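final-v2.pdb, holding PDB, C-alpha atoms:
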ATOM      1  CA  LEU A   1      25.342 -84.273  13.557  1.00  0.00           C
ATOM      2  CA  GLY A   2      28.230 -86.094  15.169  1.00  0.00           C
ATOM      3  CA  LEU A   3      27.068 -85.444  18.758  1.00  0.00           C
ATOM      4  CA  LEU A   4      24.601 -88.256  19.279  1.00  0.00           C
ATOM      5  CA  GLY A   5      22.257 -86.407  16.916  1.00  0.00           C
ATOM      6  CA  LYS A   6      21.819 -83.351  19.114  1.00  0.00           C
ATOM      7  CA  LYS A   7      22.729 -79.690  18.830  1.00  0.00           C
ATOM      8  CA  CYS A   8      23.848 -77.378  21.623  1.00  0.00           C
ATOM      9  CA  SER A   9      23.346 -73.625  21.914  1.00  0.00           C
ATOM     10  CA  MET A  10      26.416 -73.178  24.156  1.00  0.00           C
ATOM     11  CA  TRP A  11      29.783 -74.651  23.186  1.00  0.00           C
ATOM     12  CA  ALA A  12      33.246 -74.600  24.702  1.00  0.00           C
ATOM     13  CA  VAL A  13      35.977 -74.774  22.046  1.00  0.00           C
ATOM     14  CA  VAL A  14      39.467 -76.103  22.795  1.00  0.00           C
ATOM     15  CA  THR A  15      42.532 -77.236  20.896  1.00  0.00           C
ATOM     16  CA  THR A  16      45.193 -79.268  22.645  1.00  0.00           C
ATOM     17  CA  ILE A  17      48.135 -81.641  22.389  1.00  0.00           C
ATOM     18  CA  PHE A  18      47.533 -83.064  25.858  1.00  0.00           C
ATOM     19  CA  PRO A  19      45.260 -85.759  27.319  1.00  0.00           C
ATOM     20  CA  PRO A  20      41.915 -84.614  28.781  1.00  0.00           C
ATOM     21  CA  THR A  21      42.400 -82.222  31.685  1.00  0.00           C
ATOM     22  CA  GLN A  22      40.166 -81.477  34.643  1.00  0.00           C
ATOM     23  CA  THR A  23      38.934 -78.387  32.786  1.00  0.00           C
ATOM     24  CA  ILE A  24      37.644 -80.543  29.928  1.00  0.00           C
ATOM     25  CA  ARG A  25      35.916 -82.861  32.380  1.00  0.00           C
ATOM     26  CA  ASP A  26      34.388 -79.964  34.313  1.00  0.00           C
ATOM     27  CA  LEU A  27      33.022 -78.446  31.112  1.00  0.00           C
ATOM     28  CA  GLY A  28      31.762 -81.827  29.955  1.00  0.00           C
ATOM     29  CA  ASN A  29      29.844 -82.249  33.210  1.00  0.00           C
ATOM     30  CA  LEU A  30      27.801 -79.090  32.612  1.00  0.00           C
ATOM     31  CA  THR A  31      24.261 -79.912  31.567  1.00  0.00           C
ATOM     32  CA  ASP A  32      23.751 -76.904  29.284  1.00  0.00           C
ATOM     33  CA  TRP A  33      27.155 -76.966  27.574  1.00  0.00           C
ATOM     34  CA  CYS A  34      28.852 -79.066  24.928  1.00  0.00           C
ATOM     35  CA  VAL A  35      32.594 -79.213  24.291  1.00  0.00           C
ATOM     36  CA  VAL A  36      34.505 -79.657  21.046  1.00  0.00           C
ATOM     37  CA  VAL A  37      38.224 -80.434  21.226  1.00  0.00           C
ATOM     38  CA  ALA A  38      40.277 -79.987  18.055  1.00  0.00           C
ATOM     39  CA  GLY A  39      43.220 -82.329  18.253  1.00  0.00           C
ATOM     40  CA  ASP A  40      46.585 -82.063  16.538  1.00  0.00           C
ATOM     41  CA  LYS A  41      49.311 -84.406  15.347  1.00  0.00           C
ATOM     42  CA  LYS A  42      50.860 -84.448  18.840  1.00  0.00           C
ATOM     43  CA  THR A  43      47.595 -85.095  20.688  1.00  0.00           C
ATOM     44  CA  PRO A  44      47.345 -88.608  22.174  1.00  0.00           C
ATOM     45  CA  LYS A  45      45.776 -91.025  19.697  1.00  0.00           C
ATOM     46  CA  VAL A  46      43.231 -92.023  22.343  1.00  0.00           C
ATOM     47  CA  TYR A  47      41.454 -89.031  23.886  1.00  0.00           C
ATOM     48  CA  ASP A  48      39.524 -90.666  26.704  1.00  0.00           C
ATOM     49  CA  VAL A  49      37.208 -88.347  28.640  1.00  0.00           C
ATOM     50  CA  GLY A  50      35.317 -91.186  30.290  1.00  0.00           C
ATOM     51  CA  GLU A  51      31.984 -92.774  29.466  1.00  0.00           C
ATOM     52  CA  GLY A  52      29.927 -90.314  31.439  1.00  0.00           C
ATOM     53  CA  LEU A  53      31.002 -87.375  29.296  1.00  0.00           C
ATOM     54  CA  LEU A  54      30.677 -88.936  25.848  1.00  0.00           C
ATOM     55  CA  GLY A  55      27.411 -87.122  25.225  1.00  0.00           C
ATOM     56  CA  HIS A  56      28.893 -83.701  25.872  1.00  0.00           C
ATOM     57  CA  VAL A  57      32.472 -83.816  24.566  1.00  0.00           C
ATOM     58  CA  VAL A  58      33.333 -84.159  20.888  1.00  0.00           C
ATOM     59  CA  TYR A  59      36.934 -84.919  19.992  1.00  0.00           C
ATOM     60  CA  LEU A  60      38.029 -84.041  16.464  1.00  0.00           C
ATOM     61  CA  SER A  61      40.996 -86.272  15.738  1.00  0.00           C
ATOM     62  CA  PRO A  62      43.394 -85.376  12.906  1.00  0.00           C
ATOM     63  CA  SER A  63      41.847 -88.041  10.681  1.00  0.00           C
ATOM     64  CA  ARG A  64      38.352 -86.782  11.443  1.00  0.00           C
ATOM     65  CA  GLN A  65      39.401 -83.215  10.688  1.00  0.00           C
ATOM     66  CA  GLU A  66      40.667 -84.322   7.284  1.00  0.00           C
ATOM     67  CA  GLN A  67      37.206 -85.656   6.502  1.00  0.00           C
ATOM     68  CA  MET A  68      35.317 -82.546   7.581  1.00  0.00           C
ATOM     69  CA  PRO A  69      33.602 -80.522   4.828  1.00  0.00           C
ATOM     70  CA  TYR A  70      34.801 -77.106   6.017  1.00  0.00           C
ATOM     71  CA  LEU A  71      36.911 -75.208   3.489  1.00  0.00           C
ATOM     72  CA  VAL A  72      38.922 -73.493   6.228  1.00  0.00           C
ATOM     73  CA  LYS A  73      40.809 -76.728   6.887  1.00  0.00           C
ATOM     74  CA  GLU A  74      42.805 -76.195   3.684  1.00  0.00           C
ATOM     75  CA  HIS A  75      44.311 -73.039   5.198  1.00  0.00           C
ATOM     76  CA  LEU A  76      45.290 -74.464   8.608  1.00  0.00           C
ATOM     77  CA  GLU A  77      48.694 -75.861   9.464  1.00  0.00           C
ATOM     78  CA  TRP A  78      49.297 -78.896  11.636  1.00  0.00           C
ATOM     79  CA  ASN A  79      51.034 -78.498  14.992  1.00  0.00           C
ATOM     80  CA  HIS A  80      49.536 -75.037  15.195  1.00  0.00           C
ATOM     81  CA  PHE A  81      47.066 -73.299  17.493  1.00  0.00           C
ATOM     82  CA  GLY A  82      45.009 -72.446  14.411  1.00  0.00           C
ATOM     83  CA  ARG A  83      43.461 -75.937  14.494  1.00  0.00           C
ATOM     84  CA  LYS A  84      41.004 -74.363  16.913  1.00  0.00           C
ATOM     85  CA  ASN A  85      39.287 -72.674  13.985  1.00  0.00           C
ATOM     86  CA  LEU A  86      37.831 -76.024  12.972  1.00  0.00           C
ATOM     87  CA  GLY A  87      36.377 -76.251  16.468  1.00  0.00           C
ATOM     88  CA  PHE A  88      34.699 -72.872  16.067  1.00  0.00           C
ATOM     89  CA  VAL A  89      33.191 -73.819  12.715  1.00  0.00           C
ATOM     90  CA  TYR A  90      32.049 -77.178  14.072  1.00  0.00           C
ATOM     91  CA  ALA A  91      30.356 -75.514  17.050  1.00  0.00           C
ATOM     92  CA  ILE A  92      28.569 -72.973  14.850  1.00  0.00           C
ATOM     93  CA  HIS A  93      27.498 -75.739  12.490  1.00  0.00           C
ATOM     94  CA  HIS A  94      26.033 -77.598  15.452  1.00  0.00           C
ATOM     95  CA  GLY A  95      23.886 -74.817  16.846  1.00  0.00           C
ATOM     96  CA  ALA A  96      26.238 -72.586  18.841  1.00  0.00           C
ATOM     97  CA  GLN A  97      24.812 -69.241  19.834  1.00  0.00           C
ATOM     98  CA  VAL A  98      27.387 -68.775  22.598  1.00  0.00           C
ATOM     99  CA  ILE A  99      31.015 -69.929  22.304  1.00  0.00           C
ATOM    100  CA  TYR A 100      33.441 -70.188  25.213  1.00  0.00           C
ATOM    101  CA  ASP A 101      36.967 -69.947  23.772  1.00  0.00           C
ATOM    102  CA  VAL A 102      39.193 -71.515  26.402  1.00  0.00           C
ATOM    103  CA  ASP A 103      42.490 -73.341  26.918  1.00  0.00           C
ATOM    104  CA  ASP A 104      42.413 -76.722  28.603  1.00  0.00           C
ATOM    105  CA  ASP A 105      44.621 -75.472  31.434  1.00  0.00           C
ATOM    106  CA  ASN A 106      42.250 -72.622  32.390  1.00  0.00           C
ATOM    107  CA  VAL A 107      40.568 -73.966  35.503  1.00  0.00           C
ATOM    108  CA  LEU A 108      37.001 -72.833  36.128  1.00  0.00           C
ATOM    109  CA  ILE A 109      36.576 -70.806  39.308  1.00  0.00           C
ATOM    110  CA  ASN A 110      33.141 -72.361  39.901  1.00  0.00           C
ATOM    111  CA  PRO A 111      33.106 -75.712  38.057  1.00  0.00           C
ATOM    112  CA  GLN A 112      29.483 -76.418  38.921  1.00  0.00           C
ATOM    113  CA  GLN A 113      28.340 -73.057  37.534  1.00  0.00           C
ATOM    114  CA  GLY A 114      30.521 -73.158  34.460  1.00  0.00           C
ATOM    115  CA  PRO A 115      31.642 -70.166  32.377  1.00  0.00           C
ATOM    116  CA  ILE A 116      30.183 -66.743  33.065  1.00  0.00           C
ATOM    117  CA  SER A 117      27.405 -66.663  30.503  1.00  0.00           C
ATOM    118  CA  HIS A 118      24.460 -64.903  32.117  1.00  0.00           C
ATOM    119  CA  TYR A 119      25.024 -61.802  29.986  1.00  0.00           C
ATOM    120  CA  LEU A 120      25.399 -63.784  26.761  1.00  0.00           C
ATOM    121  CA  LEU A 121      21.959 -65.309  26.636  1.00  0.00           C
ATOM    122  CA  THR A 122      20.757 -67.286  23.635  1.00  0.00           C
ATOM    123  CA  GLU A 123      17.799 -65.998  21.623  1.00  0.00           C
ATOM    124  CA  THR A 124      15.482 -68.502  23.318  1.00  0.00           C
ATOM    125  CA  GLN A 125      16.595 -67.370  26.765  1.00  0.00           C
ATOM    126  CA  GLN A 126      16.214 -63.709  25.833  1.00  0.00           C
ATOM    127  CA  HIS A 127      12.640 -64.182  24.666  1.00  0.00           C
ATOM    128  CA  ALA A 128      11.835 -66.083  27.849  1.00  0.00           C
ATOM    129  CA  GLN A 129      12.837 -63.161  30.095  1.00  0.00           C
ATOM    130  CA  PRO A 130      11.381 -59.681  30.443  1.00  0.00           C
ATOM    131  CA  GLN A 131      13.651 -56.992  29.029  1.00  0.00           C
ATOM    132  CA  THR A 132      14.243 -55.519  32.475  1.00  0.00           C
ATOM    133  CA  GLN A 133      15.665 -58.827  33.668  1.00  0.00           C
ATOM    134  CA  SER A 134      17.778 -59.539  30.617  1.00  0.00           C
ATOM    135  CA  GLU A 135      19.572 -56.183  30.653  1.00  0.00           C
ATOM    136  CA  VAL A 136      23.034 -56.040  32.162  1.00  0.00           C
ATOM    137  CA  GLN A 137      25.323 -53.193  33.126  1.00  0.00           C
ATOM    138  CA  VAL A 138      28.226 -52.659  30.768  1.00  0.00           C
ATOM    139  CA  SER A 139      30.800 -49.900  30.520  1.00  0.00           C
ATOM    140  CA  TRP A 140      31.989 -47.853  27.601  1.00  0.00           C
ATOM    141  CA  ALA A 141      35.705 -47.218  27.382  1.00  0.00           C
ATOM    142  CA  SER A 142      37.224 -44.815  24.884  1.00  0.00           C
ATOM    143  CA  ASN A 143      40.098 -42.392  24.518  1.00  0.00           C
ATOM    144  CA  ASP A 144      41.753 -40.172  21.928  1.00  0.00           C
ATOM    145  CA  HIS A 145      44.746 -42.444  21.452  1.00  0.00           C
ATOM    146  CA  HIS A 146      45.012 -44.992  18.672  1.00  0.00           C
ATOM    147  CA  LEU A 147      45.591 -47.660  21.346  1.00  0.00           C
ATOM    148  CA  LEU A 148      43.563 -48.682  24.380  1.00  0.00           C
ATOM    149  CA  ASN A 149      45.113 -50.754  27.150  1.00  0.00           C
ATOM    150  CA  PRO A 150      42.138 -52.625  28.658  1.00  0.00           C
ATOM    151  CA  TYR A 151      43.954 -54.320  31.538  1.00  0.00           C
ATOM    152  CA  PRO A 152      43.561 -51.481  34.076  1.00  0.00           C
ATOM    153  CA  PHE A 153      39.784 -51.958  33.793  1.00  0.00           C
ATOM    154  CA  PHE A 154      40.208 -55.396  35.330  1.00  0.00           C
ATOM    155  CA  HIS A 155      41.755 -53.765  38.431  1.00  0.00           C
ATOM    156  CA  PRO A 156      44.782 -56.102  38.353  1.00  0.00           C
ATOM    157  CA  THR A 157      47.168 -56.653  41.222  1.00  0.00           C
ATOM    158  CA  ALA A 158      50.893 -57.269  40.843  1.00  0.00           C
ATOM    159  CA  ASN A 159      52.988 -60.265  41.831  1.00  0.00           C
ATOM    160  CA  HIS A 160      50.134 -62.222  43.392  1.00  0.00           C
ATOM    161  CA  THR A 161      49.612 -59.436  45.922  1.00  0.00           C
ATOM    162  CA  GLN A 162      46.656 -57.227  46.636  1.00  0.00           C
ATOM    163  CA  THR A 163      48.504 -54.106  45.457  1.00  0.00           C
ATOM    164  CA  PRO A 164      46.609 -52.459  42.561  1.00  0.00           C
ATOM    165  CA  THR A 165      48.636 -51.622  39.483  1.00  0.00           C
ATOM    166  CA  THR A 166      47.979 -49.893  36.182  1.00  0.00           C
ATOM    167  CA  ASN A 167      51.387 -50.844  34.814  1.00  0.00           C
ATOM    168  CA  MET A 168      50.210 -53.999  33.074  1.00  0.00           C
ATOM    169  CA  TRP A 169      49.588 -54.535  29.383  1.00  0.00           C
ATOM    170  CA  PRO A 170      48.316 -57.316  27.111  1.00  0.00           C
ATOM    171  CA  ARG A 171      50.599 -59.580  25.137  1.00  0.00           C
ATOM    172  CA  GLY A 172      51.164 -57.938  21.758  1.00  0.00           C
ATOM    173  CA  PHE A 173      50.690 -54.388  23.045  1.00  0.00           C
ATOM    174  CA  PRO A 174      53.339 -52.164  21.375  1.00  0.00           C
ATOM    175  CA  LEU A 175      56.162 -51.768  23.883  1.00  0.00           C
ATOM    176  CA  ASP A 176      56.765 -48.167  22.806  1.00  0.00           C
ATOM    177  CA  PHE A 177      53.457 -47.251  24.453  1.00  0.00           C
ATOM    178  CA  ILE A 178      53.416 -49.269  27.676  1.00  0.00           C
ATOM    179  CA  LYS A 179      54.237 -46.164  29.735  1.00  0.00           C
ATOM    180  CA  ASP A 180      51.948 -43.855  27.782  1.00  0.00           C
ATOM    181  CA  SER A 181      49.189 -42.956  30.243  1.00  0.00           C
ATOM    182  CA  ASN A 182      46.982 -41.742  27.386  1.00  0.00           C
ATOM    183  CA  THR A 183      46.357 -45.351  26.421  1.00  0.00           C
ATOM    184  CA  ILE A 184      44.321 -45.827  29.602  1.00  0.00           C
ATOM    185  CA  HIS A 185      42.683 -42.391  29.827  1.00  0.00           C
ATOM    186  CA  THR A 186      38.961 -42.648  29.269  1.00  0.00           C
ATOM    187  CA  ARG A 187      36.126 -40.306  28.526  1.00  0.00           C
ATOM    188  CA  ARG A 188      32.381 -40.630  28.538  1.00  0.00           C
ATOM    189  CA  PRO A 189      30.903 -41.222  25.075  1.00  0.00           C
ATOM    190  CA  ASN A 190      29.228 -38.229  23.433  1.00  0.00           C
ATOM    191  CA  SER A 191      30.711 -35.864  25.992  1.00  0.00           C
ATOM    192  CA  ASN A 192      34.004 -34.073  26.484  1.00  0.00           C
ATOM    193  CA  PRO A 193      36.286 -35.263  23.644  1.00  0.00           C
ATOM    194  CA  ASN A 194      39.410 -34.559  25.694  1.00  0.00           C
ATOM    195  CA  PRO A 195      40.868 -37.372  27.791  1.00  0.00           C
ATOM    196  CA  ILE A 196      40.879 -37.190  31.550  1.00  0.00           C
ATOM    197  CA  PRO A 197      43.947 -35.089  32.508  1.00  0.00           C
ATOM    198  CA  LYS A 198      45.368 -37.557  35.026  1.00  0.00           C
ATOM    199  CA  PRO A 199      45.132 -41.337  35.030  1.00  0.00           C
ATOM    200  CA  THR A 200      43.698 -43.079  38.039  1.00  0.00           C
ATOM    201  CA  PRO A 201      44.408 -46.610  39.317  1.00  0.00           C
ATOM    202  CA  LYS A 202      40.843 -47.525  38.367  1.00  0.00           C
ATOM    203  CA  PRO A 203      39.950 -45.790  35.070  1.00  0.00           C
ATOM    204  CA  LYS A 204      36.411 -44.551  34.953  1.00  0.00           C
ATOM    205  CA  SER A 205      33.910 -45.495  32.285  1.00  0.00           C
ATOM    206  CA  SER A 206      30.255 -44.887  31.635  1.00  0.00           C
ATOM    207  CA  PRO A 207      27.882 -47.668  32.764  1.00  0.00           C
ATOM    208  CA  ASN A 208      24.923 -48.332  30.484  1.00  0.00           C
ATOM    209  CA  PRO A 209      22.231 -51.028  30.495  1.00  0.00           C
ATOM    210  CA  TRP A 210      22.418 -53.225  27.405  1.00  0.00           C
ATOM    211  CA  ALA A 211      20.385 -56.208  26.304  1.00  0.00           C
ATOM    212  CA  PRO A 212      22.639 -59.284  26.171  1.00  0.00           C
ATOM    213  CA  GLY A 213      21.922 -59.688  22.453  1.00  0.00           C
ATOM    214  CA  ARG A 214      23.932 -56.535  21.764  1.00  0.00           C
ATOM    215  CA  ILE A 215      27.068 -57.895  23.436  1.00  0.00           C
ATOM    216  CA  GLY A 216      29.187 -59.747  20.908  1.00  0.00           C
ATOM    217  CA  MET A 217      32.183 -60.778  22.996  1.00  0.00           C
ATOM    218  CA  VAL A 218      33.278 -60.897  26.624  1.00  0.00           C
ATOM    219  CA  GLN A 219      37.000 -60.962  27.418  1.00  0.00           C
ATOM    220  CA  SER A 220      38.334 -62.096  30.770  1.00  0.00           C
ATOM    221  CA  LEU A 221      41.686 -62.640  32.425  1.00  0.00           C
ATOM    222  CA  ALA A 222      43.010 -65.654  34.269  1.00  0.00           C
ATOM    223  CA  ASN A 223      43.696 -65.196  37.955  1.00  0.00           C
ATOM    224  CA  HIS A 224      47.326 -65.378  39.087  1.00  0.00           C
ATOM    225  CA  ASP A 225      48.826 -65.828  35.614  1.00  0.00           C
ATOM    226  CA  PRO A 226      47.285 -63.393  33.127  1.00  0.00           C
ATOM    227  CA  ASP A 227      48.091 -63.244  29.448  1.00  0.00           C
ATOM    228  CA  VAL A 228      51.145 -60.973  29.504  1.00  0.00           C
ATOM    229  CA  ASP A 229      54.343 -60.935  27.470  1.00  0.00           C
ATOM    230  CA  ALA A 230      57.891 -61.975  28.347  1.00  0.00           C
ATOM    231  CA  VAL A 231      58.954 -58.364  28.946  1.00  0.00           C
ATOM    232  CA  TYR A 232      56.347 -57.992  31.695  1.00  0.00           C
ATOM    233  CA  ARG A 233      57.297 -61.308  33.266  1.00  0.00           C
ATOM    234  CA  TYR A 234      60.985 -60.386  33.255  1.00  0.00           C
ATOM    235  CA  GLN A 235      60.298 -56.927  34.716  1.00  0.00           C
ATOM    236  CA  LYS A 236      57.848 -58.052  37.383  1.00  0.00           C
ATOM    237  CA  GLY A 237      59.178 -61.527  38.087  1.00  0.00           C
TER     238      GLY A 237
END
Could you express the structure from this file as structure tokens?
Amino acid sequence: LGLLGKKCSMWAVVTTIFPPTQTIRDLGNLTDWCVVVAGDKKTPKVYDVGEGLLGHVVYLSPSRQEQMPYLVKEHLEWNHFGRKNLGFVYAIHHGAQVIYDVDDDNVLINPQQGPISHYLLTETQQHAQPQTQSEVQVSWASNDHHLLNPYPFFHPTANHTQTPTTNMWPRGFPLDFIKDSNTIHTRRPNSNPNPIPKPTPKPKSSPNPWAPGRIGMVQSLANHDPDVDAVYRYQKG
């Protein structure tokens, strides 16, 4: 299997051109997690995470990637972030039921606890818990616009202050709509189809209990330096 003969149900997937960071070491120290790092042509030839982490961190060097049986490798360029796709396939091939897609400069808030995964339980964990314990509260968000700006739901603050703001948008969000309040209006599912007349700093949504198995993906933002575009940085900087 390439990982000392063992599979993991929870994998962190990284691609990098840098030596091992503290994030990689923190993830590698987690008992329940394994890490796969997809290297690139610019990654150091020796990727040394230390002897203590060899059982939890797999490094896919360029030469090793060339030998892998996955057809997707024929469609991936070198010196490109897309090398991470080989990491995803490798993790799935080696038992992943939960994947933590992360950059190696994203520092864990609680290194000893690891990624937030309590609402993405594996099948084994779900069967081991009563349904009442394995349900989590989630929120529905919807509007009548063809775009939805999710950032206001994270209750962001501007310029490293504690001042709430709704004027924040994800990288790639069409700039023609960044001031369109309808992109953050929400309504309760199966109720009034019209959006809320006035936006609020904290858009409302409808909480519902869901079993973790029904949640396919959890998106989060980095503190202090979220994933925003150059226009936002220029405007707010």
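Matched in the shown structure by the PyMOL selection byres ((chain A and resi 114) around 10): A:Asp26, A:Leu27, A:Gly28, A:Asn29, A:Leu30, A:Thr31, A:Asp32, A:Trp33, A:Leu108, A:Ile109, A:Asn110, A:Pro111, A:Gln112, A:Gln113, A:Pro115, A:Ile116, A:Ser117.
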Let's have the selection written as a JSON list (two decimals), in the frame of the given file, with C-alpha atoms.
[["chain", "number", "residue", "atom", "x", "y", "z"],
["A", 26, "ASP", "CA", 34.39, -79.96, 34.31],
["A", 27, "LEU", "CA", 33.02, -78.45, 31.11],
["A", 28, "GLY", "CA", 31.76, -81.83, 29.96],
["A", 29, "ASN", "CA", 29.84, -82.25, 33.21],
["A", 30, "LEU", "CA", 27.80, -79.09, 32.61],
["A", 31, "THR", "CA", 24.26, -79.91, 31.57],
["A", 32, "ASP", "CA", 23.75, -76.90, 29.28],
["A", 33, "TRP", "CA", 27.16, -76.97, 27.57],
["A", 108, "LEU", "CA", 37.00, -72.83, 36.13],
["A", 109, "ILE", "CA", 36.58, -70.81, 39.31],
["A", 110, "ASN", "CA", 33.14, -72.36, 39.90],
["A", 111, "PRO", "CA", 33.11, -75.71, 38.06],
["A", 112, "GLN", "CA", 29.48, -76.42, 38.92],
["A", 113, "GLN", "CA", 28.34, -73.06, 37.53],
["A", 115, "PRO", "CA", 31.64, -70.17, 32.38],
["A", 116, "ILE", "CA", 30.18, -66.74, 33.06],
["A", 117, "SER", "CA", 27.40, -66.66, 30.50]]
- Task: Tell me which residues the PyMOL selection byres ((chain A and resi 42) around 12) grabs here, as a ChimeraX atom specification.
- Result: /A:15-19,38-41,43-47,61-62,78-81
Those same residues, written as an mmCIF file, in the frame of the given file with C-alpha atoms?
data_model
loop_
_atom_site.group_PDB
_atom_site.id
_atom_site.type_symbol
_atom_site.label_atom_id
_atom_site.label_comp_id
_atom_site.auth_asym_id
_atom_site.auth_seq_id
_atom_site.Cartn_x
_atom_site.Cartn_y
_atom_site.Cartn_z
ATOM 1 C CA THR A 15 42.532 -77.236 20.896
ATOM 2 C CA THR A 16 45.193 -79.268 22.645
ATOM 3 C CA ILE A 17 48.135 -81.641 22.389
ATOM 4 C CA PHE A 18 47.533 -83.064 25.858
ATOM 5 C CA PRO A 19 45.260 -85.759 27.319
ATOM 6 C CA ALA A 38 40.277 -79.987 18.055
ATOM 7 C CA GLY A 39 43.220 -82.329 18.253
ATOM 8 C CA ASP A 40 46.585 -82.063 16.538
ATOM 9 C CA LYS A 41 49.311 -84.406 15.347
ATOM 10 C CA THR A 43 47.595 -85.095 20.688
ATOM 11 C CA PRO A 44 47.345 -88.608 22.174
ATOM 12 C CA LYS A 45 45.776 -91.025 19.697
ATOM 13 C CA VAL A 46 43.231 -92.023 22.343
ATOM 14 C CA TYR A 47 41.454 -89.031 23.886
ATOM 15 C CA SER A 61 40.996 -86.272 15.738
ATOM 16 C CA PRO A 62 43.394 -85.376 12.906
ATOM 17 C CA TRP A 78 49.297 -78.896 11.636
ATOM 18 C CA ASN A 79 51.034 -78.498 14.992
ATOM 19 C CA HIS A 80 49.536 -75.037 15.195
ATOM 20 C CA PHE A 81 47.066 -73.299 17.493
#
- Message: Let me make sure I understand: among A:Leu76, A:Ile178, A:Met68, A:Val13, which one has the smallest atom-to-atom distance to Tyr232 of chain A if we use all atoms listed in the file?
- Response: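 The shortest atom-to-atom distance to Tyr232 of chain A comes from A:Ile178.
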For a test of reading the model, state the distance in Å between atom CA of Leu147 of chain A and atom CA of Leu221 of chain A, rounded to one decimal.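 Between atom CA of Leu147 of chain A and atom CA of Leu221 of chain A the gap is 19.0 Å.
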Check: Exactly which residues make up the result of the PyMOL selection byres ((chain A and resi 86) around 12) on this file, given as a PyMOL selection string?
Finding: chain A and resi 13-15+36-40+59-62+64-78+80-85+87-93
Write to file, as a tab-separated table (two decimals), in the frame of the given file, the residues of the selection just made, with C-alpha atoms.
chain	number	residue	atom	x	y	z
A	13	VAL	CA	35.98	-74.77	22.05
A	14	VAL	CA	39.47	-76.10	22.80
A	15	THR	CA	42.53	-77.24	20.90
A	36	VAL	CA	34.51	-79.66	21.05
A	37	VAL	CA	38.22	-80.43	21.23
A	38	ALA	CA	40.28	-79.99	18.06
A	39	GLY	CA	43.22	-82.33	18.25
A	40	ASP	CA	46.58	-82.06	16.54
A	59	TYR	CA	36.93	-84.92	19.99
A	60	LEU	CA	38.03	-84.04	16.46
A	61	SER	CA	41.00	-86.27	15.74
A	62	PRO	CA	43.39	-85.38	12.91
A	64	ARG	CA	38.35	-86.78	11.44
A	65	GLN	CA	39.40	-83.22	10.69
A	66	GLU	CA	40.67	-84.32	7.28
A	67	GLN	CA	37.21	-85.66	6.50
A	68	MET	CA	35.32	-82.55	7.58
A	69	PRO	CA	33.60	-80.52	4.83
A	70	TYR	CA	34.80	-77.11	6.02
A	71	LEU	CA	36.91	-75.21	3.49
A	72	VAL	CA	38.92	-73.49	6.23
A	73	LYS	CA	40.81	-76.73	6.89
A	74	GLU	CA	42.80	-76.19	3.68
A	75	HIS	CA	44.31	-73.04	5.20
A	76	LEU	CA	45.29	-74.46	8.61
A	77	GLU	CA	48.69	-75.86	9.46
A	78	TRP	CA	49.30	-78.90	11.64
A	80	HIS	CA	49.54	-75.04	15.20
A	81	PHE	CA	47.07	-73.30	17.49
A	82	GLY	CA	45.01	-72.45	14.41
A	83	ARG	CA	43.46	-75.94	14.49
A	84	LYS	CA	41.00	-74.36	16.91
A	85	ASN	CA	39.29	-72.67	13.98
A	87	GLY	CA	36.38	-76.25	16.47
A	88	PHE	CA	34.70	-72.87	16.07
A	89	VAL	CA	33.19	-73.82	12.72
A	90	TYR	CA	32.05	-77.18	14.07
A	91	ALA	CA	30.36	-75.51	17.05
A	92	ILE	CA	28.57	-72.97	14.85
A	93	HIS	CA	27.50	-75.74	12.49
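Atom pair atom CA of Asp180 of chain A / atom CA of Met217 of chain A: separated by 26.5 Å.
The smallest atom-to-atom distance between Ser142 of chain A and any of A:Asn182, A:Thr21, A:Ser63, A:Asn223, using all atoms listed in the file, is found for A:Asn182.
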Would you work out the distance separating atom CA of Cys34 of chain A from atom CA of Ser9 of chain A, expressed in Å to one decimal?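 Interatomic distance, atom CA of Cys34 of chain A to atom CA of Ser9 of chain A: 8.3 Å.
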Using all atoms listed in the file, determine which residues lie at most 7 Å from segment 98-103 of chain A, disregarding the query and same-chain residues fewer than 2 positions distant; provide the list as a list in words. Ser9, Met10, Trp11, Ala12, Val13, Val14, Ala96, Asp105, Asn106, Leu120 and Thr122 of chain A
Selection to disk with C-alpha atoms, as a short mmCIF file (atom, residue, chain, number, x, y, z; two decimals), in the coordinates of the input:
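Everything below was put into part.cif:
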data_model
loop_
_atom_site.label_atom_id
_atom_site.label_comp_id
_atom_site.auth_asym_id
_atom_site.auth_seq_id
_atom_site.Cartn_x
_atom_site.Cartn_y
_atom_site.Cartn_z
CA SER A 9 23.35 -73.62 21.91
CA MET A 10 26.42 -73.18 24.16
CA TRP A 11 29.78 -74.65 23.19
CA ALA A 12 33.25 -74.60 24.70
CA VAL A 13 35.98 -74.77 22.05
CA VAL A 14 39.47 -76.10 22.80
CA ALA A 96 26.24 -72.59 18.84
CA ASP A 105 44.62 -75.47 31.43
CA ASN A 106 42.25 -72.62 32.39
CA LEU A 120 25.40 -63.78 26.76
CA THR A 122 20.76 -67.29 23.64
#
Check your understanding: Looking at A:Asp227, A:Gly216, A:Pro174, A:Gln97, which one is nearest to Tyr151 of chain A, with distances taken over all atoms listed in the file?
Key ->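 When distances to Tyr151 of chain A are compared using all atoms listed in the file, the smallest one comes from A:Asp227.
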Selection near Gly52 of chain A, 10 Å with only C-alpha atoms, sequence-local residues under 3 positions removed, as a list in words
Arg25, Gly28, Asn29, Val49, Gly55, His56 and Val57 of chain A
- Smallest atom-to-atom distance to Pro164 of chain A: which of A:Ala230, A:His146, A:Pro152, A:Ala222, using all atoms listed in the file?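 Smallest distance to Pro164 of chain A is found for A:Pro152.
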